[in-house]
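Asker: Provided below: my_file38.txt, containing compact mmCIF, C-alpha atoms and all ligand atoms.
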# COMPACT_ATOMS: atom_id res chain seq x y z
CA MET A 1 -14.87 -8.64 -12.39
CA SER A 2 -13.85 -12.16 -13.39
CA SER A 3 -12.54 -11.02 -16.82
CA ARG A 4 -10.14 -8.57 -15.15
CA PRO A 5 -6.47 -9.56 -14.99
CA THR A 6 -5.38 -10.79 -11.59
CA GLY A 7 -2.24 -9.51 -9.88
CA GLU A 8 -0.24 -12.44 -11.15
CA GLU A 9 -1.18 -11.58 -14.72
CA THR A 10 -0.12 -7.94 -14.47
CA ALA A 11 3.55 -8.86 -14.40
CA ASP A 12 4.32 -5.52 -16.04
CA THR A 13 3.52 -3.47 -12.94
CA ALA A 14 6.70 -1.82 -11.65
CA LEU A 15 7.65 0.24 -8.60
CA ARG A 16 9.87 3.31 -8.25
CA GLU A 17 10.77 5.30 -5.16
CA VAL A 18 8.71 8.39 -4.26
CA ALA A 19 10.18 11.63 -5.69
CA VAL A 20 9.79 15.42 -5.51
CA GLY A 21 7.67 15.44 -8.68
CA ASP A 22 4.93 13.37 -7.00
CA ALA A 23 3.15 16.35 -5.37
CA ASP A 24 0.22 16.25 -7.80
CA ILE A 25 -0.22 12.51 -7.39
CA TYR A 26 -0.05 12.94 -3.60
CA GLU A 27 -2.86 15.50 -3.76
CA ARG A 28 -4.93 13.15 -5.90
CA MET A 29 -4.39 10.28 -3.48
CA PHE A 30 -4.61 11.99 -0.09
CA CYS A 31 -6.93 14.99 -0.69
CA ASP A 32 -9.67 13.21 -2.59
CA PRO A 33 -12.79 12.25 -0.58
CA ALA A 34 -13.35 8.99 -2.53
CA MET A 35 -9.72 7.87 -2.27
CA MET A 36 -9.73 8.60 1.45
CA SER A 37 -13.22 7.30 2.25
CA HIS A 38 -11.82 4.27 4.10
CA LEU A 39 -9.05 6.30 5.72
CA GLY A 40 -11.07 8.85 7.67
CA GLY A 41 -11.60 11.41 4.89
CA PRO A 42 -9.31 13.66 2.83
CA LEU A 43 -6.22 15.31 4.25
CA PRO A 44 -5.87 19.11 3.88
CA ARG A 45 -3.96 20.23 0.77
CA SER A 46 -1.87 22.53 2.94
CA GLY A 47 -0.13 19.53 4.52
CA ILE A 48 0.76 17.68 1.33
CA SER A 49 4.17 19.30 0.62
CA ALA A 50 5.31 18.49 4.15
CA LYS A 51 3.99 14.92 3.87
CA LEU A 52 5.82 14.42 0.57
CA ARG A 53 9.07 15.86 2.00
CA HIS A 54 8.74 13.59 5.03
CA ASP A 55 8.07 10.52 2.86
CA ILE A 56 11.06 11.28 0.62
CA ASP A 57 13.26 11.61 3.74
CA GLU A 58 11.96 8.30 5.07
CA ALA A 59 12.54 6.59 1.72
CA THR A 60 16.01 8.00 1.01
CA SER A 61 17.19 7.19 4.53
CA GLY A 62 15.94 3.61 4.05
CA ARG A 63 13.71 3.82 7.14
CA ALA A 64 10.63 3.14 5.00
CA TRP A 65 9.96 1.69 1.57
CA ILE A 66 7.74 4.21 -0.20
CA TYR A 67 7.11 3.29 -3.81
CA MET A 68 4.98 4.70 -6.59
CA ILE A 69 3.26 2.16 -8.82
CA GLN A 70 4.04 2.31 -12.54
CA PRO A 71 1.26 0.49 -14.38
CA SER A 72 2.75 1.07 -17.88
CA PRO A 73 6.35 -0.06 -18.14
CA GLY A 74 6.52 1.59 -21.56
CA ASP A 75 5.82 4.98 -19.96
CA PRO A 76 7.51 5.48 -16.58
CA THR A 77 5.87 8.92 -16.22
CA VAL A 78 2.49 7.26 -15.60
CA VAL A 79 1.80 6.67 -11.90
CA GLY A 80 -1.11 4.55 -10.73
CA GLY A 81 -0.80 4.85 -6.95
CA ASN A 82 1.56 3.84 -4.18
CA VAL A 83 2.56 0.98 -1.92
CA VAL A 84 4.35 1.61 1.34
CA LEU A 85 6.09 -0.51 3.98
CA TRP A 86 7.24 1.08 7.21
CA ALA A 87 7.83 0.29 10.88
CA HIS A 88 6.28 1.95 13.91
CA GLU A 89 6.06 1.36 17.64
CA SER A 90 2.95 -0.19 19.14
CA HIS A 91 2.76 -1.15 22.83
CA GLY A 92 6.57 -1.05 23.01
CA MET A 93 7.02 -3.33 19.98
CA SER A 94 8.15 -2.54 16.45
CA ILE A 95 5.39 -3.32 13.95
CA SER A 96 5.97 -3.53 10.17
CA GLU A 97 2.93 -2.25 8.28
CA ILE A 98 2.05 -2.20 4.60
CA GLY A 99 -0.44 0.13 2.93
CA TRP A 100 -1.50 0.89 -0.64
CA MET A 101 -3.59 3.17 -2.84
CA VAL A 102 -4.57 2.98 -6.52
CA LEU A 103 -5.95 6.00 -8.39
CA PRO A 104 -9.54 5.63 -9.69
CA GLU A 105 -8.65 5.29 -13.39
CA PHE A 106 -6.38 2.32 -12.62
CA GLN A 107 -8.61 0.52 -10.13
CA GLY A 108 -10.00 -2.94 -10.84
CA ARG A 109 -7.14 -3.97 -13.15
CA GLY A 110 -5.10 -6.04 -10.71
CA ILE A 111 -2.55 -3.25 -10.17
CA GLY A 112 -3.02 -2.93 -6.42
CA LYS A 113 -2.64 -6.64 -5.87
CA ALA A 114 0.39 -6.84 -8.18
CA ALA A 115 2.11 -3.94 -6.39
CA VAL A 116 1.54 -5.40 -2.91
CA ARG A 117 2.83 -8.73 -4.14
CA LEU A 118 5.95 -7.09 -5.61
CA LEU A 119 6.74 -5.31 -2.35
CA LEU A 120 6.21 -8.42 -0.23
CA ARG A 121 8.52 -10.33 -2.54
CA ARG A 122 11.16 -7.63 -2.08
CA ALA A 123 10.69 -7.84 1.69
CA ARG A 124 11.19 -11.59 1.55
CA ASP A 125 14.27 -11.32 -0.68
CA ALA A 126 15.78 -8.58 1.53
CA GLY A 127 15.13 -10.59 4.70
CA ARG A 128 13.88 -7.38 6.29
CA TRP A 129 10.66 -6.34 8.09
CA GLY A 130 9.67 -9.67 9.68
CA VAL A 131 5.92 -10.21 9.98
CA VAL A 132 4.06 -7.58 7.93
CA HIS A 133 0.72 -6.24 9.17
CA ALA A 134 -2.10 -4.60 7.17
CA TYR A 135 -5.16 -2.75 8.47
CA PRO A 136 -7.74 -2.19 5.70
CA GLY A 137 -11.02 -0.59 6.74
CA VAL A 138 -13.66 -3.19 7.55
CA ALA A 139 -15.82 -2.02 4.60
CA ASN A 140 -12.92 -1.78 2.13
CA THR A 141 -13.82 -4.84 0.04
CA ALA A 142 -11.00 -4.51 -2.50
CA SER A 143 -8.25 -4.04 0.10
CA ASN A 144 -9.50 -6.95 2.19
CA ALA A 145 -9.59 -9.02 -1.03
CA ILE A 146 -5.93 -8.14 -1.68
CA CYS A 147 -4.99 -9.42 1.78
CA ARG A 148 -7.07 -12.57 1.43
CA SER A 149 -5.90 -13.51 -2.04
CA LEU A 150 -2.22 -12.87 -1.31
CA GLY A 151 -2.33 -15.21 1.68
CA PHE A 152 -2.47 -12.84 4.64
CA THR A 153 -4.07 -14.29 7.78
CA LEU A 154 -6.98 -12.40 9.33
CA ILE A 155 -6.36 -11.81 13.03
CA GLY A 156 -9.51 -9.81 13.82
CA ARG A 157 -10.87 -6.29 14.25
CA HIS A 158 -8.58 -3.44 15.25
CA ASP A 159 -9.12 0.28 15.81
CA ALA A 160 -6.21 1.71 13.81
CA VAL A 161 -5.03 5.32 13.81
CA PHE A 162 -4.40 7.04 10.47
CA ALA A 163 -3.39 10.71 10.35
CA GLY A 164 -4.55 11.05 13.94
CA ARG A 165 -7.96 9.47 13.27
CA SER A 166 -9.22 6.20 14.74
CA LEU A 167 -10.71 3.81 12.17
CA PRO A 168 -12.37 0.39 12.45
CA THR A 169 -10.17 -2.01 10.47
CA ASN A 170 -9.47 -5.67 9.88
CA HIS A 171 -6.05 -6.72 11.14
CA TRP A 172 -4.22 -9.05 8.74
CA HIS A 173 -0.66 -10.30 8.84
CA ILE A 174 1.77 -12.26 6.70
CA ASN A 175 5.36 -13.41 7.05
CA PRO A 176 7.03 -12.80 3.65
CA ILE A 177 9.65 -15.42 4.45
CA ASN A 178 6.96 -18.07 3.94
CA LEU A 179 6.04 -16.87 0.45
CA THR A 180 6.88 -19.28 -2.32
CA TRP A 181 6.44 -16.78 -5.18
CA ARG A 182 9.35 -16.39 -7.57
C1 LIG B 1 -8.29 -0.67 -2.51
C2 LIG B 1 -7.49 -0.47 -3.79
C3 LIG B 1 -6.04 -0.26 -3.43
C4 LIG B 1 -7.61 -1.70 -4.68
O1 LIG B 1 -6.72 -1.57 -5.76
P1 LIG B 1 -7.06 -2.18 -7.19
O2 LIG B 1 -5.87 -2.07 -8.05
O3 LIG B 1 -8.31 -1.54 -7.68
O4 LIG B 1 -7.37 -3.70 -6.80
P2 LIG B 1 -7.11 -4.97 -7.73
O5 LIG B 1 -7.67 -4.72 -9.09
O6 LIG B 1 -5.69 -5.36 -7.61
O7 LIG B 1 -8.04 -6.06 -7.04
C5 LIG B 1 -7.65 -6.65 -5.82
C6 LIG B 1 -8.76 -7.56 -5.33
O8 LIG B 1 -9.90 -6.76 -4.98
C7 LIG B 1 -11.03 -7.16 -5.74
N1 LIG B 1 -11.71 -5.91 -6.11
C8 LIG B 1 -11.22 -4.89 -6.81
N2 LIG B 1 -12.11 -3.89 -6.87
C9 LIG B 1 -13.20 -4.32 -6.18
C10 LIG B 1 -14.45 -3.73 -5.89
N3 LIG B 1 -14.77 -2.50 -6.32
N4 LIG B 1 -15.32 -4.44 -5.15
C11 LIG B 1 -15.01 -5.68 -4.71
N5 LIG B 1 -13.82 -6.29 -4.95
C12 LIG B 1 -12.93 -5.60 -5.69
C13 LIG B 1 -10.48 -7.87 -6.95
O9 LIG B 1 -11.38 -8.80 -7.49
C14 LIG B 1 -9.25 -8.54 -6.37
O10 LIG B 1 -9.64 -9.70 -5.66
P3 LIG B 1 -9.10 -11.16 -6.10
O11 LIG B 1 -7.62 -11.13 -5.98
O12 LIG B 1 -9.75 -12.08 -5.12
O13 LIG B 1 -9.54 -11.32 -7.52
C15 LIG B 1 -8.03 0.77 -4.55
O14 LIG B 1 -9.39 0.56 -4.84
C16 LIG B 1 -7.90 2.06 -3.77
O15 LIG B 1 -6.81 2.62 -3.71
N6 LIG B 1 -8.96 2.57 -3.17
C17 LIG B 1 -8.95 3.82 -2.46
C18 LIG B 1 -7.92 3.97 -1.37
C19 LIG B 1 -7.86 2.80 -0.40
O16 LIG B 1 -8.87 2.28 -0.01
N7 LIG B 1 -6.64 2.45 -0.01
C20 LIG B 1 -6.37 1.29 0.81
C21 LIG B 1 -6.34 1.59 2.24
S1 LIG B 1 -6.04 0.08 3.13
Just give me the structure of the file as structure tokens.
Answerer:
Amino acid sequence: MSSRPTGEETADTALREVAVGDADIYERMFCDPAMMSHLGGPLPRSGISAKLRHDIDEATSGRAWIYMIQPSPGDPTVVGGNVVLWAHESHGMSISEIGWMVLPEFQGRGIGKAAVRLLLRRARDAGRWGVVHAYPGVANTASNAICRSLGFTLIGRHDAVFAGRSLPTNHWHINPINLTWR
């Protein structure tokens, strides 16, 4: 893995907002057993249109940042996954949470790390979201590596809920305002 480009080296990775045409990509991300193995298993295909509509509403209203990753700037039709930043209530407090997915054919190329870094930089530059939390599954080596290498702090174990399912996760956080990346 050492010969693979790191996130910093994949400066070409770009983000665009989620759109109606992303239904197929959504199915590949959320209905695939391997993609969802750390997230409690695949979601039913029957719910994907509604999830996409909901995500587009959240993104266009500005309530959430829901971006698709473009790994090839020369071809904006190619999508490698997504990176998402949203807020939710937990114990009466608003929590900002970031999550990400990279499709199998793009994994291991530094794209996930580059996309998370891009979104955190946007959060810092926008002065929005405050402390950002991430909850990768405890066995999700690559996602925990993204947190570690981008400078998140590990708080400890946390039973997170995804799509109504409770999952054992590591709880990381980062304050984008402290990032010194350009
Ligand atoms: C987890 C996931 C997003 C990683 O994306 P990626 O683009 O493949 O990751 P990157 O190539 O940017 O690598 C990020 C880090 O993970 C490490 N890594 C990547 N693949 C790895 C693997 N299979 N095993 C161990 N470490 C791995 C890299 O070395 C890198 O660490 P470094 O910065 O210390 O060098 C992607 O595998 C994925 O979407 N998996 C399925 C869905 C999922 O788990 N989503 C996340 C829920 S929190």
Asker: What is the distance between atom CA of A:Pro33 and atom CA of A:Ala19, in Å to one decimal?
Answerer: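 Between atom CA of A:Pro33 and atom CA of A:Ala19 the gap works out to 23.5 Å.
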Asker: Show me which residues line ligand LIG 1 (chain B), defined as having an atom within 8 Å of a ligand atom where only C-alpha atoms and all ligand atoms count, and present them as a compact mmCIF listing (two decimals) with C-alpha atoms, keeping the file's coordinate frame.
Answerer:
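And here's out02.txt as it stands now:
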# COMPACT_ATOMS: atom_id res chain seq x y z
CA MET A 1 -14.87 -8.64 -12.39
CA SER A 2 -13.85 -12.16 -13.39
CA ARG A 4 -10.14 -8.57 -15.15
CA PRO A 5 -6.47 -9.56 -14.99
CA THR A 6 -5.38 -10.79 -11.59
CA GLY A 7 -2.24 -9.51 -9.88
CA MET A 29 -4.39 10.28 -3.48
CA ALA A 34 -13.35 8.99 -2.53
CA MET A 35 -9.72 7.87 -2.27
CA MET A 36 -9.73 8.60 1.45
CA SER A 37 -13.22 7.30 2.25
CA HIS A 38 -11.82 4.27 4.10
CA LEU A 39 -9.05 6.30 5.72
CA GLY A 81 -0.80 4.85 -6.95
CA GLY A 99 -0.44 0.13 2.93
CA TRP A 100 -1.50 0.89 -0.64
CA MET A 101 -3.59 3.17 -2.84
CA VAL A 102 -4.57 2.98 -6.52
CA LEU A 103 -5.95 6.00 -8.39
CA PRO A 104 -9.54 5.63 -9.69
CA PHE A 106 -6.38 2.32 -12.62
CA GLN A 107 -8.61 0.52 -10.13
CA GLY A 108 -10.00 -2.94 -10.84
CA ARG A 109 -7.14 -3.97 -13.15
CA GLY A 110 -5.10 -6.04 -10.71
CA ILE A 111 -2.55 -3.25 -10.17
CA GLY A 112 -3.02 -2.93 -6.42
CA LYS A 113 -2.64 -6.64 -5.87
CA ALA A 114 0.39 -6.84 -8.18
CA ALA A 134 -2.10 -4.60 7.17
CA TYR A 135 -5.16 -2.75 8.47
CA PRO A 136 -7.74 -2.19 5.70
CA GLY A 137 -11.02 -0.59 6.74
CA ASN A 140 -12.92 -1.78 2.13
CA THR A 141 -13.82 -4.84 0.04
CA ALA A 142 -11.00 -4.51 -2.50
CA SER A 143 -8.25 -4.04 0.10
CA ASN A 144 -9.50 -6.95 2.19
CA ALA A 145 -9.59 -9.02 -1.03
CA ILE A 146 -5.93 -8.14 -1.68
CA ARG A 148 -7.07 -12.57 1.43
CA SER A 149 -5.90 -13.51 -2.04
CA LEU A 150 -2.22 -12.87 -1.31
Asker: Taking (-10.7, 10.4, 12.2) in the file's own coordinates, collect the residues within 6 Å, counting all atoms listed in the file, and hand them back as an mmCIF file with C-alpha atoms, keeping the file's coordinate frame.
Answerer:
data_model
loop_
_atom_site.group_PDB
_atom_site.id
_atom_site.type_symbol
_atom_site.label_atom_id
_atom_site.label_comp_id
_atom_site.auth_asym_id
_atom_site.auth_seq_id
_atom_site.Cartn_x
_atom_site.Cartn_y
_atom_site.Cartn_z
ATOM 1 C CA GLY A 40 -11.070 8.850 7.670
ATOM 2 C CA ARG A 165 -7.960 9.470 13.270
ATOM 3 C CA SER A 166 -9.220 6.200 14.740
#
Asker: Using all atoms listed in the file, can you tell me which of A:Leu43, A:Ala115, A:Ile48, A:Ile25 comes closest to A:Phe162?
Answerer: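 Of the candidates, the smallest distance to A:Phe162 is held by A:Leu43.
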Asker: At what distance in Å, to one decimal, does atom CA of A:Ala14 lie from atom CA of A:Ile177?
Answerer: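 Interatomic distance here is 21.3 Å.
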Asker: Nearest to A:Thr13 among A:Pro168, A:Gly47, A:Gly80, A:Gly62, with distances taken over all atoms listed in the file: which residue is it?
Answerer: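 The closest residue to A:Thr13 is A:Gly80.
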Asker: Please determine, counting all atoms listed in the file, which residue among A:Thr169, A:Ser46, A:Ser94, A:Thr180 has the shortest atom-to-atom distance to A:Val132.
Answerer: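 Smallest separation from A:Val132 among the options: A:Ser94.
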Asker: List the spatial neighbours of stretch 89-92 of chain A as a PyMOL selection string - criterion: any atom at most 12 Å away, all atoms listed in the file, same-chain residues fewer than 2 positions off excluded.
Answerer: chain A and resi 86-87+94-97+133+160-161
Asker: With distances taken over all atoms listed in the file, which of A:Asp12, A:His54, A:Pro44, A:His173 is nearest to A:Ile69?
Answerer: A:Asp12
Asker: Go ahead and compute the interatomic distance for atom CA of A:Leu154 and atom CA of A:Arg122, in Å to one decimal.
Answerer: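 Rounded to one decimal, the two atoms are 22.0 Å apart.
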Asker: With only C-alpha atoms as the basis for distance, which of A:Ala163, A:His171, A:Ile155, A:Thr77 is at the shortest distance from A:Pro42?
Answerer: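 Of all the options, A:Ala163 lies closest to A:Pro42.
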